[in-house]
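Undergrad: Sharing protein-v8.cif here; it has mmCIF, C-alpha atoms.
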```
data_run
#
loop_
_atom_site.label_atom_id
_atom_site.label_comp_id
_atom_site.auth_asym_id
_atom_site.auth_seq_id
_atom_site.Cartn_x
_atom_site.Cartn_y
_atom_site.Cartn_z
CA MET S 1 136.52 168.77 -152.83
CA VAL S 2 134.07 167.87 -150.12
CA ALA S 3 132.69 164.37 -150.23
CA PRO S 4 128.92 164.07 -150.70
CA LEU S 5 126.93 163.68 -147.51
CA LEU S 6 125.73 160.17 -148.18
CA VAL S 7 126.89 157.73 -150.84
CA ALA S 8 125.49 154.26 -151.37
CA LYS S 9 127.28 151.87 -153.68
CA ASP S 10 126.22 148.50 -154.99
CA LEU S 11 123.63 147.89 -152.29
CA ALA S 12 121.82 144.58 -152.35
CA CYS S 13 119.29 143.27 -149.93
CA GLU S 14 117.70 139.89 -149.69
CA ARG S 15 114.74 139.04 -147.52
CA ASP S 16 112.97 135.71 -147.19
CA ASP S 17 115.01 134.25 -150.08
CA ARG S 18 113.86 137.03 -152.36
CA MET S 19 116.18 139.64 -153.77
CA LEU S 20 114.57 142.99 -152.97
CA PHE S 21 117.07 145.03 -154.91
CA SER S 22 120.65 144.76 -156.08
CA ARG S 23 123.35 146.99 -157.60
CA LEU S 24 121.56 149.97 -156.14
CA GLY S 25 123.53 153.13 -155.69
CA PHE S 26 123.05 156.86 -155.30
CA GLU S 27 124.70 159.99 -154.04
CA LEU S 28 123.01 162.51 -151.86
CA ASP S 29 124.34 165.94 -151.11
CA ARG S 30 123.35 168.63 -148.66
CA GLY S 31 120.03 170.19 -149.46
CA GLU S 32 118.87 167.42 -151.77
CA ILE S 33 115.60 165.57 -151.51
CA LEU S 34 115.46 161.96 -152.65
CA GLN S 35 112.15 160.19 -152.98
CA LEU S 36 112.19 156.41 -152.98
CA SER S 37 109.40 155.08 -155.12
CA GLY S 38 108.18 151.68 -156.12
CA PRO S 39 105.21 149.41 -155.60
CA ASN S 40 104.41 147.87 -152.22
CA GLY S 41 107.04 145.36 -151.27
CA ALA S 42 109.70 146.90 -153.51
CA GLY S 43 111.96 147.40 -150.50
CA LYS S 44 111.55 151.10 -149.77
CA THR S 45 111.27 150.62 -146.03
CA SER S 46 114.08 148.07 -146.05
CA LEU S 47 116.33 150.51 -147.87
CA LEU S 48 115.50 153.29 -145.43
CA ARG S 49 116.16 151.01 -142.48
CA ILE S 50 119.48 149.99 -144.02
CA LEU S 51 120.40 153.65 -144.42
CA ALA S 52 119.30 154.33 -140.87
CA SER S 53 121.71 151.60 -139.74
CA LEU S 54 118.82 149.68 -138.19
CA PHE S 55 118.99 146.74 -140.56
CA THR S 56 122.30 145.10 -141.31
CA GLY S 57 121.25 142.30 -143.66
CA TYR S 58 122.65 143.88 -146.81
CA SER S 59 125.78 143.93 -148.92
CA GLY S 60 127.46 146.95 -150.44
CA THR S 61 128.93 150.10 -148.98
CA ILE S 62 127.42 153.21 -147.47
CA GLN S 63 129.59 156.25 -146.90
CA TRP S 64 128.77 159.15 -144.62
CA ARG S 65 130.75 162.31 -145.33
CA GLY S 66 133.23 160.21 -147.28
CA GLU S 67 133.80 157.67 -144.57
CA ASN S 68 132.48 154.13 -144.24
CA LEU S 69 129.31 154.12 -142.20
CA ALA S 70 130.52 151.43 -139.80
CA ARG S 71 133.48 153.61 -138.84
CA CYS S 72 131.52 156.73 -138.00
CA LEU S 73 128.29 155.22 -136.73
CA THR S 74 127.98 157.38 -133.63
CA GLU S 75 128.44 160.65 -135.50
CA PHE S 76 126.04 159.43 -138.15
CA GLN S 77 123.37 158.53 -135.59
CA GLN S 78 123.87 161.85 -133.88
CA ASP S 79 123.44 163.73 -137.12
CA SER S 80 120.56 161.88 -138.78
CA LEU S 81 116.91 161.55 -137.90
CA TYR S 82 114.86 158.47 -138.72
CA LEU S 83 111.07 158.52 -138.50
CA GLY S 84 109.57 155.14 -139.26
CA HIS S 85 106.14 153.62 -139.69
CA LYS S 86 105.99 153.17 -135.98
CA SER S 87 106.26 156.59 -134.45
CA GLY S 88 107.21 155.73 -130.87
CA ILE S 89 104.23 157.57 -129.41
CA LYS S 90 103.03 156.19 -126.08
CA PRO S 91 99.25 156.37 -125.63
CA THR S 92 99.55 156.81 -121.87
CA MET S 93 101.77 159.87 -122.18
CA THR S 94 100.77 163.40 -123.10
CA ALA S 95 101.79 164.97 -126.38
CA ILE S 96 104.51 167.07 -124.81
CA GLU S 97 105.86 164.20 -122.70
CA ASN S 98 106.17 162.06 -125.80
CA LEU S 99 107.90 164.78 -127.75
CA ARG S 100 110.19 165.68 -124.86
CA PHE S 101 111.38 162.09 -124.55
CA LEU S 102 111.84 161.40 -128.26
CA CYS S 103 113.76 164.63 -128.77
CA GLY S 104 115.70 164.21 -125.55
CA LEU S 105 117.31 161.03 -126.85
CA GLY S 106 119.38 163.04 -129.28
CA GLN S 107 119.31 166.71 -128.48
CA ARG S 108 118.76 169.23 -125.74
CA VAL S 109 115.50 171.08 -126.25
CA SER S 110 113.90 173.76 -124.12
CA GLU S 111 110.29 173.49 -122.92
CA GLN S 112 109.49 176.57 -124.94
CA ALA S 113 110.79 175.00 -128.13
CA LEU S 114 108.72 171.88 -127.46
CA MET S 115 105.57 173.94 -127.01
CA GLY S 116 106.42 175.93 -130.12
CA ALA S 117 106.87 172.78 -132.21
CA LEU S 118 103.53 171.37 -131.05
CA GLN S 119 101.91 174.65 -131.98
CA GLU S 120 103.52 174.51 -135.42
CA VAL S 121 102.01 171.10 -136.13
CA GLY S 122 98.59 172.35 -135.12
CA LEU S 123 98.38 170.81 -131.67
CA ALA S 124 98.13 174.01 -129.68
CA GLY S 125 95.88 173.29 -126.73
CA TYR S 126 96.56 169.54 -126.96
CA GLU S 127 99.99 169.69 -125.31
CA HIS S 128 98.79 168.04 -122.13
CA SER S 129 96.27 165.66 -123.66
CA TYR S 130 96.99 161.97 -123.43
CA CYS S 131 97.92 160.61 -126.81
CA ARG S 132 95.39 157.80 -126.52
CA ASN S 133 92.74 160.53 -126.78
CA LEU S 134 94.25 161.99 -129.93
CA SER S 135 93.33 160.87 -133.44
CA ALA S 136 95.77 158.86 -135.55
CA GLY S 137 96.64 161.97 -137.54
CA GLN S 138 97.23 164.00 -134.41
CA GLN S 139 99.48 161.29 -132.96
CA ARG S 140 101.42 161.32 -136.21
CA ARG S 141 101.71 165.09 -135.89
CA VAL S 142 103.25 164.71 -132.43
CA ALA S 143 105.93 162.52 -133.99
CA LEU S 144 106.39 164.94 -136.88
CA ALA S 145 106.85 167.87 -134.50
CA ARG S 146 110.39 166.53 -134.12
CA LEU S 147 111.07 167.80 -137.63
CA TYR S 148 110.56 171.36 -136.43
CA LEU S 149 113.11 170.86 -133.66
CA SER S 150 115.60 168.85 -135.66
CA THR S 151 119.17 170.03 -136.06
CA HIS S 152 120.18 166.90 -137.97
CA SER S 153 121.82 167.05 -141.41
CA LEU S 154 119.95 164.05 -142.79
CA TRP S 155 116.32 163.02 -142.49
CA LEU S 156 115.15 159.52 -143.26
CA LEU S 157 111.38 159.63 -143.42
CA ASP S 158 109.26 156.55 -143.95
CA GLU S 159 105.67 157.24 -145.04
CA ILE S 160 105.38 160.23 -142.77
CA PHE S 161 102.20 161.51 -144.39
CA THR S 162 100.10 158.53 -143.30
CA ALA S 163 96.88 159.75 -141.66
CA ILE S 164 97.82 163.41 -142.18
CA ASP S 165 95.15 165.58 -143.79
CA LEU S 166 95.72 167.43 -147.07
CA ALA S 167 96.44 170.78 -145.48
CA GLY S 168 98.90 169.09 -143.16
CA VAL S 169 100.67 167.38 -146.06
CA LYS S 170 101.04 170.79 -147.75
CA GLN S 171 102.46 172.25 -144.57
CA PHE S 172 105.00 169.48 -144.11
CA GLU S 173 105.99 169.69 -147.76
CA ALA S 174 106.72 173.35 -147.23
CA LEU S 175 108.81 172.42 -144.21
CA LEU S 176 110.79 169.84 -146.19
CA LEU S 177 111.46 172.41 -148.89
CA GLU S 178 112.49 175.07 -146.42
CA LYS S 179 114.80 172.71 -144.51
CA SER S 180 116.37 171.41 -147.69
CA ARG S 181 117.12 175.00 -148.70
CA GLN S 182 118.91 175.31 -145.36
CA GLY S 183 121.06 172.32 -146.30
CA VAL S 184 119.25 169.34 -144.78
CA ALA S 185 119.37 166.27 -146.99
CA ILE S 186 116.13 164.30 -147.02
CA ILE S 187 115.34 160.77 -148.12
CA LEU S 188 111.68 159.85 -147.95
CA THR S 189 109.21 157.26 -149.08
CA THR S 190 105.69 158.28 -149.85
CA HIS S 191 102.98 157.30 -152.29
CA HIS S 192 101.89 160.89 -152.24
CA LYS S 193 102.83 162.98 -155.29
CA LEU S 194 105.21 165.53 -153.85
CA ASP S 195 104.51 169.10 -154.81
CA ILE S 196 108.16 170.07 -154.67
CA ALA S 197 110.31 170.94 -157.67
CA ASP S 198 113.61 169.13 -158.31
CA VAL S 199 113.05 166.11 -156.14
CA LYS S 200 115.35 163.30 -157.15
CA GLU S 201 113.55 160.02 -157.57
CA LEU S 202 114.91 156.55 -157.08
CA HIS S 203 112.74 153.89 -158.66
CA LEU S 204 113.38 150.73 -156.75
CA GLN S 205 111.81 148.52 -159.40
CA HIS S 206 114.76 149.32 -161.67
CA TYR S 207 116.98 147.50 -159.23
CA ALA S 208 114.60 144.66 -158.50
CA GLY S 209 115.41 141.03 -159.06
CA GLY S 210 119.00 140.10 -159.69
CA HIS S 211 120.53 136.95 -158.41
CA ALA S 212 121.02 136.17 -154.80
CA HIS S 213 124.63 135.96 -153.81
CA GLU S 214 125.76 132.48 -153.00
CA GLU S 215 126.41 132.47 -149.30
CA MET N 1 128.84 172.44 -139.53
CA ARG N 2 126.23 171.99 -136.89
CA ASN N 3 126.30 173.75 -133.61
CA ASP N 4 127.11 170.86 -131.30
CA ALA N 5 126.84 172.81 -128.10
CA GLN N 6 123.23 173.48 -128.82
CA ALA N 7 122.29 170.15 -130.35
CA GLY N 8 124.33 167.61 -128.43
CA THR N 9 123.25 165.79 -125.32
CA SER N 10 125.38 164.29 -122.65
CA LEU N 11 125.12 160.63 -121.78
CA THR N 12 123.88 161.38 -118.29
CA SER N 13 121.07 163.60 -119.50
CA VAL N 14 119.86 160.90 -121.89
CA MET N 15 120.01 158.31 -119.13
CA TRP N 16 118.05 160.61 -116.81
CA ALA N 17 115.50 161.27 -119.50
CA LEU N 18 115.07 157.54 -120.08
CA LEU N 19 114.80 156.86 -116.36
CA ARG N 20 112.13 159.52 -115.89
CA HIS N 21 110.29 158.34 -118.97
CA GLU N 22 110.27 154.72 -117.78
CA LEU N 23 109.13 155.61 -114.27
CA LEU N 24 106.39 157.85 -115.60
CA LEU N 25 105.22 155.13 -117.98
CA ALA N 26 105.19 152.61 -115.16
CA PHE N 27 103.24 155.02 -112.98
CA ARG N 28 100.65 155.41 -115.73
CA ASN N 29 100.42 151.61 -116.18
CA ARG N 30 100.44 150.79 -112.47
CA GLN N 31 98.47 147.59 -113.05
CA SER N 32 101.32 145.78 -114.77
CA PHE N 33 103.59 146.23 -111.78
CA LEU N 34 100.98 145.66 -109.10
CA ASN N 35 100.13 142.23 -110.51
CA PRO N 36 103.48 140.59 -109.67
CA LEU N 37 103.37 142.05 -106.18
CA ILE N 38 99.88 140.69 -105.57
CA PHE N 39 101.00 137.36 -107.01
CA PHE N 40 103.90 137.28 -104.54
CA VAL N 41 101.64 137.95 -101.58
CA ILE N 42 98.97 135.48 -102.68
CA VAL N 43 101.41 132.61 -103.24
CA THR N 44 103.10 133.08 -99.89
CA VAL N 45 99.78 133.46 -98.09
CA LEU N 46 98.21 130.43 -99.75
CA PHE N 47 101.20 128.19 -99.08
CA PRO N 48 100.59 127.69 -95.34
CA LEU N 49 96.88 127.20 -96.03
CA GLY N 50 97.51 124.60 -98.70
CA VAL N 51 100.40 122.65 -97.26
CA SER N 52 100.57 122.92 -93.50
CA PRO N 53 100.20 125.70 -90.95
CA ASP N 54 102.60 123.95 -88.57
CA PRO N 55 105.02 126.68 -87.33
CA ASP N 56 108.07 124.41 -87.37
CA PHE N 57 107.36 123.29 -90.90
CA LEU N 58 106.78 126.88 -92.02
CA ARG N 59 110.08 128.03 -90.55
CA GLU N 60 111.79 125.25 -92.48
CA ALA N 61 110.03 126.15 -95.74
CA ALA N 62 110.15 129.94 -95.41
CA PRO N 63 113.40 130.69 -97.30
CA GLY N 64 112.44 128.51 -100.24
CA VAL N 65 108.86 129.72 -100.47
CA VAL N 66 109.77 133.40 -100.32
CA TRP N 67 112.54 132.99 -102.87
CA VAL N 68 110.55 130.89 -105.35
CA ALA N 69 107.59 133.24 -105.10
CA ALA N 70 109.86 136.26 -105.61
CA LEU N 71 111.54 134.64 -108.62
CA LEU N 72 108.24 133.77 -110.30
CA ALA N 73 106.71 137.15 -109.50
CA MET N 74 109.60 138.90 -111.21
CA MET N 75 109.22 136.64 -114.24
CA LEU N 76 105.64 137.84 -114.66
CA SER N 77 106.56 141.33 -115.74
CA LEU N 78 109.69 140.40 -117.68
CA ASP N 79 108.21 139.68 -121.08
CA ARG N 80 106.91 143.25 -121.40
CA LEU N 81 110.28 144.79 -120.57
CA PHE N 82 111.15 145.64 -124.18
CA GLN N 83 108.04 144.40 -125.98
CA SER N 84 105.89 147.51 -125.87
CA ASP N 85 108.83 149.70 -126.87
CA TYR N 86 109.46 147.37 -129.77
CA GLU N 87 105.85 147.43 -130.91
CA ASP N 88 105.43 151.20 -130.93
CA GLY N 89 108.85 151.99 -132.43
CA THR N 90 110.45 153.53 -129.33
CA LEU N 91 113.09 150.82 -129.35
CA GLU N 92 114.23 151.85 -132.85
CA GLN N 93 114.70 155.39 -131.61
CA ILE N 94 116.62 154.17 -128.58
CA VAL N 95 118.88 151.99 -130.72
CA ARG N 96 119.46 154.91 -133.11
CA CYS N 97 120.32 157.26 -130.30
CA ALA N 98 124.02 158.03 -130.37
CA GLN N 99 124.57 156.94 -126.77
CA PRO N 100 125.87 153.49 -125.82
CA LEU N 101 123.00 151.03 -125.88
CA TYR N 102 124.74 149.10 -123.10
CA LEU N 103 123.92 151.85 -120.59
CA LEU N 104 120.43 152.53 -121.90
CA VAL N 105 119.35 148.90 -121.53
CA LEU N 106 120.96 148.93 -118.10
CA VAL N 107 118.68 151.85 -117.17
CA LYS N 108 115.63 149.97 -118.40
CA THR N 109 116.67 146.87 -116.46
CA VAL N 110 117.27 148.88 -113.30
CA VAL N 111 113.79 150.36 -113.62
CA HIS N 112 112.38 146.86 -113.96
CA TRP N 113 114.12 145.91 -110.74
CA MET N 114 112.97 149.08 -108.94
CA LEU N 115 109.38 148.31 -109.84
CA SER N 116 109.26 144.54 -109.46
CA GLY N 117 112.19 143.60 -107.22
CA LEU N 118 112.29 146.42 -104.71
CA PRO N 119 108.63 146.20 -103.62
CA LEU N 120 109.06 142.45 -103.03
CA ILE N 121 112.06 143.14 -100.84
CA LEU N 122 110.14 145.75 -98.85
CA LEU N 123 107.29 143.27 -98.33
CA SER N 124 109.50 140.29 -97.54
CA PRO N 125 109.96 141.02 -93.78
CA PHE N 126 106.20 140.81 -93.31
CA ILE N 127 105.91 137.67 -95.36
CA ALA N 128 108.84 136.13 -93.50
CA THR N 129 107.24 136.93 -90.15
CA MET N 130 104.04 135.33 -91.36
CA MET N 131 106.08 132.26 -92.32
CA ASN N 132 107.41 132.13 -88.76
CA LEU N 133 111.00 132.93 -89.70
CA ALA N 134 112.87 134.05 -86.59
CA PRO N 135 113.34 137.85 -86.53
CA GLU N 136 117.13 137.62 -86.43
CA PHE N 137 117.17 135.97 -89.87
CA ILE N 138 115.01 138.59 -91.55
CA PRO N 139 117.97 140.90 -92.28
CA VAL N 140 119.72 137.94 -93.92
CA LEU N 141 116.65 137.26 -96.07
CA VAL N 142 116.40 140.91 -97.07
CA LEU N 143 120.11 141.05 -97.87
CA SER N 144 119.96 137.91 -99.98
CA LEU N 145 116.98 139.31 -101.91
CA LEU N 146 118.73 142.64 -102.29
CA LEU N 147 121.68 140.92 -103.95
CA GLY N 148 119.69 138.31 -105.81
CA THR N 149 116.70 140.07 -107.35
CA PRO N 150 118.78 142.50 -109.47
CA VAL N 151 120.47 139.47 -111.01
CA ILE N 152 117.05 138.11 -111.96
CA SER N 153 116.18 141.39 -113.68
CA LEU N 154 119.52 141.51 -115.47
CA ILE N 155 119.47 137.91 -116.71
CA GLY N 156 115.78 138.25 -117.46
CA GLY N 157 116.57 141.28 -119.59
CA ILE N 158 118.59 139.07 -121.93
CA GLY N 159 115.64 136.73 -122.36
CA ALA N 160 113.23 139.60 -122.87
CA ALA N 161 115.51 141.15 -125.49
CA LEU N 162 115.98 137.86 -127.34
CA THR N 163 112.24 137.34 -127.67
CA VAL N 164 111.38 140.98 -128.37
CA SER N 165 110.25 140.42 -131.93
CA LEU N 166 108.03 137.48 -131.08
CA ARG N 167 104.38 138.25 -130.69
CA SER N 168 103.65 136.13 -127.64
CA ALA N 169 106.84 135.45 -125.81
CA GLY N 170 105.48 135.03 -122.27
CA VAL N 171 106.30 131.40 -121.58
CA LEU N 172 109.38 131.38 -123.79
CA VAL N 173 111.07 134.09 -121.73
CA SER N 174 110.54 132.09 -118.56
CA LEU N 175 111.83 128.92 -120.23
CA LEU N 176 114.94 130.74 -121.38
CA VAL N 177 115.61 132.59 -118.17
CA LEU N 178 114.55 130.28 -115.35
CA PRO N 179 117.40 127.76 -115.77
CA LEU N 180 119.89 130.61 -115.66
CA THR N 181 118.47 131.91 -112.40
CA ILE N 182 118.71 128.59 -110.57
CA PRO N 183 122.15 129.38 -109.06
CA ILE N 184 120.68 132.56 -107.59
CA LEU N 185 117.79 130.60 -106.13
CA ILE N 186 120.12 128.00 -104.63
CA PHE N 187 122.46 130.52 -103.06
CA GLY N 188 119.61 132.79 -101.99
CA THR N 189 117.84 130.08 -100.03
CA GLY N 190 121.19 128.61 -98.99
CA THR N 191 122.15 131.88 -97.33
CA ILE N 192 119.14 131.88 -95.05
CA GLN N 193 119.38 128.14 -94.42
CA ALA N 194 122.99 128.58 -93.37
CA GLY N 195 121.93 131.35 -91.00
CA ILE N 196 119.26 129.14 -89.46
CA ASP N 197 121.78 126.32 -89.07
CA GLY N 198 124.08 128.67 -87.20
CA LEU N 199 126.70 128.83 -89.95
CA PRO N 200 128.32 132.08 -91.17
CA VAL N 201 126.44 133.64 -94.08
CA SER N 202 129.12 136.02 -95.33
CA GLY N 203 130.50 133.44 -97.78
CA TYR N 204 127.10 132.92 -99.38
CA LEU N 205 126.47 136.63 -99.57
CA ALA N 206 129.90 137.18 -101.10
CA ILE N 207 129.13 134.66 -103.84
CA MET N 208 125.79 136.36 -104.50
CA GLY N 209 127.56 139.71 -104.63
CA GLY N 210 129.96 138.23 -107.14
CA MET N 211 127.07 137.01 -109.28
CA LEU N 212 125.53 140.47 -109.14
CA ALA N 213 128.80 142.12 -110.19
CA LEU N 214 129.11 139.67 -113.06
CA ALA N 215 125.51 140.21 -114.16
CA VAL N 216 125.70 144.01 -113.98
CA THR N 217 128.83 144.17 -116.08
CA LEU N 218 128.19 141.45 -118.63
CA SER N 219 124.45 140.97 -119.15
CA PRO N 220 123.82 144.43 -120.70
CA PHE N 221 126.22 143.46 -123.51
CA ALA N 222 124.09 140.46 -124.34
CA THR N 223 120.86 142.40 -123.91
CA ALA N 224 122.04 145.22 -126.16
CA ALA N 225 123.22 142.78 -128.83
CA ALA N 226 119.90 140.91 -128.69
CA ILE N 227 117.96 144.15 -129.02
CA ARG N 228 119.93 145.20 -132.08
CA LEU N 229 119.14 141.82 -133.57
CA GLY N 230 115.47 142.09 -132.69
CA VAL N 231 115.09 145.60 -134.08
CA SER N 232 116.84 144.70 -137.31
CA ASN N 233 114.16 142.13 -137.99
#
```
Give the structure from this file in structure tokens form.

TA:
Amino acid sequence: MVAPLLVAKDLACERDDRMLFSRLGFELDRGEILQLSGPNGAGKTSLLRILASLFTGYSGTIQWRGENLARCLTEFQQDSLYLGHKSGIKPTMTAIENLRFLCGLGQRVSEQALMGALQEVGLAGYEHSYCRNLSAGQQRRVALARLYLSTHSLWLLDEIFTAIDLAGVKQFEALLLEKSRQGVAIILTTHHKLDIADVKELHLQHYAGGHAHEE
Amino acid sequence: MRNDAQAGTSLTSVMWALLRHELLLAFRNRQSFLNPLIFFVIVTVLFPLGVSPDPDFLREAAPGVVWVAALLAMMLSLDRLFQSDYEDGTLEQIVRCAQPLYLLVLVKTVVHWMLSGLPLILLSPFIATMMNLAPEFIPVLVLSLLLGTPVISLIGGIGAALTVSLRSAGVLVSLLVLPLTIPILIFGTGTIQAGIDGLPVSGYLAIMGGMLALAVTLSPFATAAAIRLGVSN
């Protein structure tokens, strides 16, 4: 039997003397979409950052392909994509320069593929525009163009639909669905009602409270 | 399984990409790297006007003035070394990149030196001539700066990384870093002073080379650790 892609067991996270969540656990397999939901401040972003191995202030275990995350961190980072609130777009760089750099950190991408991805997100003709001249939604689209180029097995997406128009949201939903059918596992936070069937939901408020561990 | 040949990147290609990215960014924000250079020139030009234009006095003061001005000029651009990347989320992506963070922060630090240290070194012969330093000691000055300024960037990188999540870290970085750079300042000026006094300078330069070797190998560890800490905030 193959181990699930990502397993979280008994996760607990405490910030500013407040227990965000405790005894949280889930399993995620290839091709599954997991939506983290909960009110503002429930710890959705914290959970995503924990899963992205950016935040280490938690207890519990996370397993990647059946192995403890700490022991296979490099492979995990190579094989997972994290898009956060802050999209890493430089205003003084053009759309394609930004995309080329952000993609180049993890994968080899041809110029043609970069142009193609920018076209897909509706930025045809804006490739060489400085990002400071683009609208917030367009800048977000530059960051989201990485999704079209991604070869990762896991996506961790934090509020990616911010500033994206309705048609754009529909388009990216279709992309998520298509990629999940191809086997990409997706964990995302959004306050948007997803128009995708069989999305697993994780309600963070069910894990809220609990007692802080005595340090 | 994924196709690694298509998806993977080599360490060198990521480092090149980062180097090109940083240089391009710096080129687009020229102002931030011109300021320290102008500061360096202004301080060294104002010094003779403010203190004394006496050639003998200037020759005496030249090593110290050039070195102190260079040190402070490099401090000016330090606090932004990781800050803007932290604010716009680039730093998260760099930390999450599967390549060793040690080498990536080294690239960023080297770029800082290329843009703030190297121009000072190229200008220093002119400044030294203006300060009435004898021509035969100018190579010594340049050599001491060549060995010393990278150390300032490297040690400064630790301070910049430690304060990355603070909103206004300007003075704090200098407070953290300046005491650590005092040995460099002492040996840097000492080298030239020794040359002027007719003593051999190779010993001084060897010690500065040792400091550089130590800083290159060890400081990126501290910088990388501090960045991980800052990002996980």

Undergrad: Taking all atoms listed in the file into account, report as an MDAnalysis selection string which residues of chain S lie within 10 Å of chain N.

TA: chainID S and resid 46 49:50 52:57 73:93 97:98 100:109 149:153

Undergrad: Atoms to include: C-alpha atoms. Write the selected residues as a compact mmCIF listing (two decimals), in the frame of the given file.

TA:
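Final output, selection-v5.txt:
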```txt
# COMPACT_ATOMS: atom_id res chain seq x y z
CA SER S 46 114.08 148.07 -146.05
CA ARG S 49 116.16 151.01 -142.48
CA ILE S 50 119.48 149.99 -144.02
CA ALA S 52 119.30 154.33 -140.87
CA SER S 53 121.71 151.60 -139.74
CA LEU S 54 118.82 149.68 -138.19
CA PHE S 55 118.99 146.74 -140.56
CA THR S 56 122.30 145.10 -141.31
CA GLY S 57 121.25 142.30 -143.66
CA LEU S 73 128.29 155.22 -136.73
CA THR S 74 127.98 157.38 -133.63
CA GLU S 75 128.44 160.65 -135.50
CA PHE S 76 126.04 159.43 -138.15
CA GLN S 77 123.37 158.53 -135.59
CA GLN S 78 123.87 161.85 -133.88
CA ASP S 79 123.44 163.73 -137.12
CA SER S 80 120.56 161.88 -138.78
CA LEU S 81 116.91 161.55 -137.90
CA TYR S 82 114.86 158.47 -138.72
CA LEU S 83 111.07 158.52 -138.50
CA GLY S 84 109.57 155.14 -139.26
CA HIS S 85 106.14 153.62 -139.69
CA LYS S 86 105.99 153.17 -135.98
CA SER S 87 106.26 156.59 -134.45
CA GLY S 88 107.21 155.73 -130.87
CA ILE S 89 104.23 157.57 -129.41
CA LYS S 90 103.03 156.19 -126.08
CA PRO S 91 99.25 156.37 -125.63
CA THR S 92 99.55 156.81 -121.87
CA MET S 93 101.77 159.87 -122.18
CA GLU S 97 105.86 164.20 -122.70
CA ASN S 98 106.17 162.06 -125.80
CA ARG S 100 110.19 165.68 -124.86
CA PHE S 101 111.38 162.09 -124.55
CA LEU S 102 111.84 161.40 -128.26
CA CYS S 103 113.76 164.63 -128.77
CA GLY S 104 115.70 164.21 -125.55
CA LEU S 105 117.31 161.03 -126.85
CA GLY S 106 119.38 163.04 -129.28
CA GLN S 107 119.31 166.71 -128.48
CA ARG S 108 118.76 169.23 -125.74
CA VAL S 109 115.50 171.08 -126.25
CA LEU S 149 113.11 170.86 -133.66
CA SER S 150 115.60 168.85 -135.66
CA THR S 151 119.17 170.03 -136.06
CA HIS S 152 120.18 166.90 -137.97
CA SER S 153 121.82 167.05 -141.41
```

Undergrad: Would you mind listing what lies within 12 Å of Asn40 (chain S) as a compact mmCIF listing (two decimals) with C-alpha atoms, in the frame of the given file, with all atoms listed in the file counted and same-chain residues fewer than 6 positions away left out?

TA:
```txt
# COMPACT_ATOMS: atom_id res chain seq x y z
CA LEU S 20 114.57 142.99 -152.97
CA SER S 46 114.08 148.07 -146.05
CA GLU S 159 105.67 157.24 -145.04
CA THR S 189 109.21 157.26 -149.08
CA THR S 190 105.69 158.28 -149.85
CA HIS S 191 102.98 157.30 -152.29
CA LEU S 204 113.38 150.73 -156.75
CA GLN S 205 111.81 148.52 -159.40
```

Undergrad: Where does the PyMOL selection byres ((chain S and resi 169) around 12) land in this file, that is, which residues does it pick, as an mmCIF file with C-alpha atoms, keeping the file's coordinate frame?

TA:
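Listing of selection_24.cif after writing:
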```
data_model
loop_
_atom_site.group_PDB
_atom_site.id
_atom_site.type_symbol
_atom_site.label_atom_id
_atom_site.label_comp_id
_atom_site.auth_asym_id
_atom_site.auth_seq_id
_atom_site.Cartn_x
_atom_site.Cartn_y
_atom_site.Cartn_z
ATOM 1 C CA VAL S 121 102.010 171.100 -136.130
ATOM 2 C CA GLY S 137 96.640 161.970 -137.540
ATOM 3 C CA ARG S 140 101.420 161.320 -136.210
ATOM 4 C CA ARG S 141 101.710 165.090 -135.890
ATOM 5 C CA LEU S 144 106.390 164.940 -136.880
ATOM 6 C CA GLU S 159 105.670 157.240 -145.040
ATOM 7 C CA ILE S 160 105.380 160.230 -142.770
ATOM 8 C CA PHE S 161 102.200 161.510 -144.390
ATOM 9 C CA THR S 162 100.100 158.530 -143.300
ATOM 10 C CA ALA S 163 96.880 159.750 -141.660
ATOM 11 C CA ILE S 164 97.820 163.410 -142.180
ATOM 12 C CA ASP S 165 95.150 165.580 -143.790
ATOM 13 C CA LEU S 166 95.720 167.430 -147.070
ATOM 14 C CA ALA S 167 96.440 170.780 -145.480
ATOM 15 C CA GLY S 168 98.900 169.090 -143.160
ATOM 16 C CA LYS S 170 101.040 170.790 -147.750
ATOM 17 C CA GLN S 171 102.460 172.250 -144.570
ATOM 18 C CA PHE S 172 105.000 169.480 -144.110
ATOM 19 C CA GLU S 173 105.990 169.690 -147.760
ATOM 20 C CA ALA S 174 106.720 173.350 -147.230
ATOM 21 C CA LEU S 175 108.810 172.420 -144.210
ATOM 22 C CA LEU S 176 110.790 169.840 -146.190
ATOM 23 C CA THR S 190 105.690 158.280 -149.850
ATOM 24 C CA HIS S 192 101.890 160.890 -152.240
ATOM 25 C CA LYS S 193 102.830 162.980 -155.290
ATOM 26 C CA LEU S 194 105.210 165.530 -153.850
ATOM 27 C CA ASP S 195 104.510 169.100 -154.810
ATOM 28 C CA ILE S 196 108.160 170.070 -154.670
#
```

Undergrad: Evaluate the PyMOL selection byres ((chain N and resi 214-222) around 12) and record the selected residues as a count of residues only, following the chain and residue labels used in the document.

TA: 44

Undergrad: Run through the PyMOL selection byres ((chain N and resi 139-143) around 10) on the given coordinates and return the selected residues as a ChimeraX atom specification.

TA: /N:62-63,66-67,120-125,128,133,135-138,144-148,188-189,191-196,201-202,205,208

Undergrad: Take CA of Ile33 (chain S) and CA of Ala143 (chain S) and report the distance between them in Å, one decimal.

TA: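 Computed distance, CA of Ile33 (chain S) to CA of Ala143 (chain S), equals 20.2 Å.
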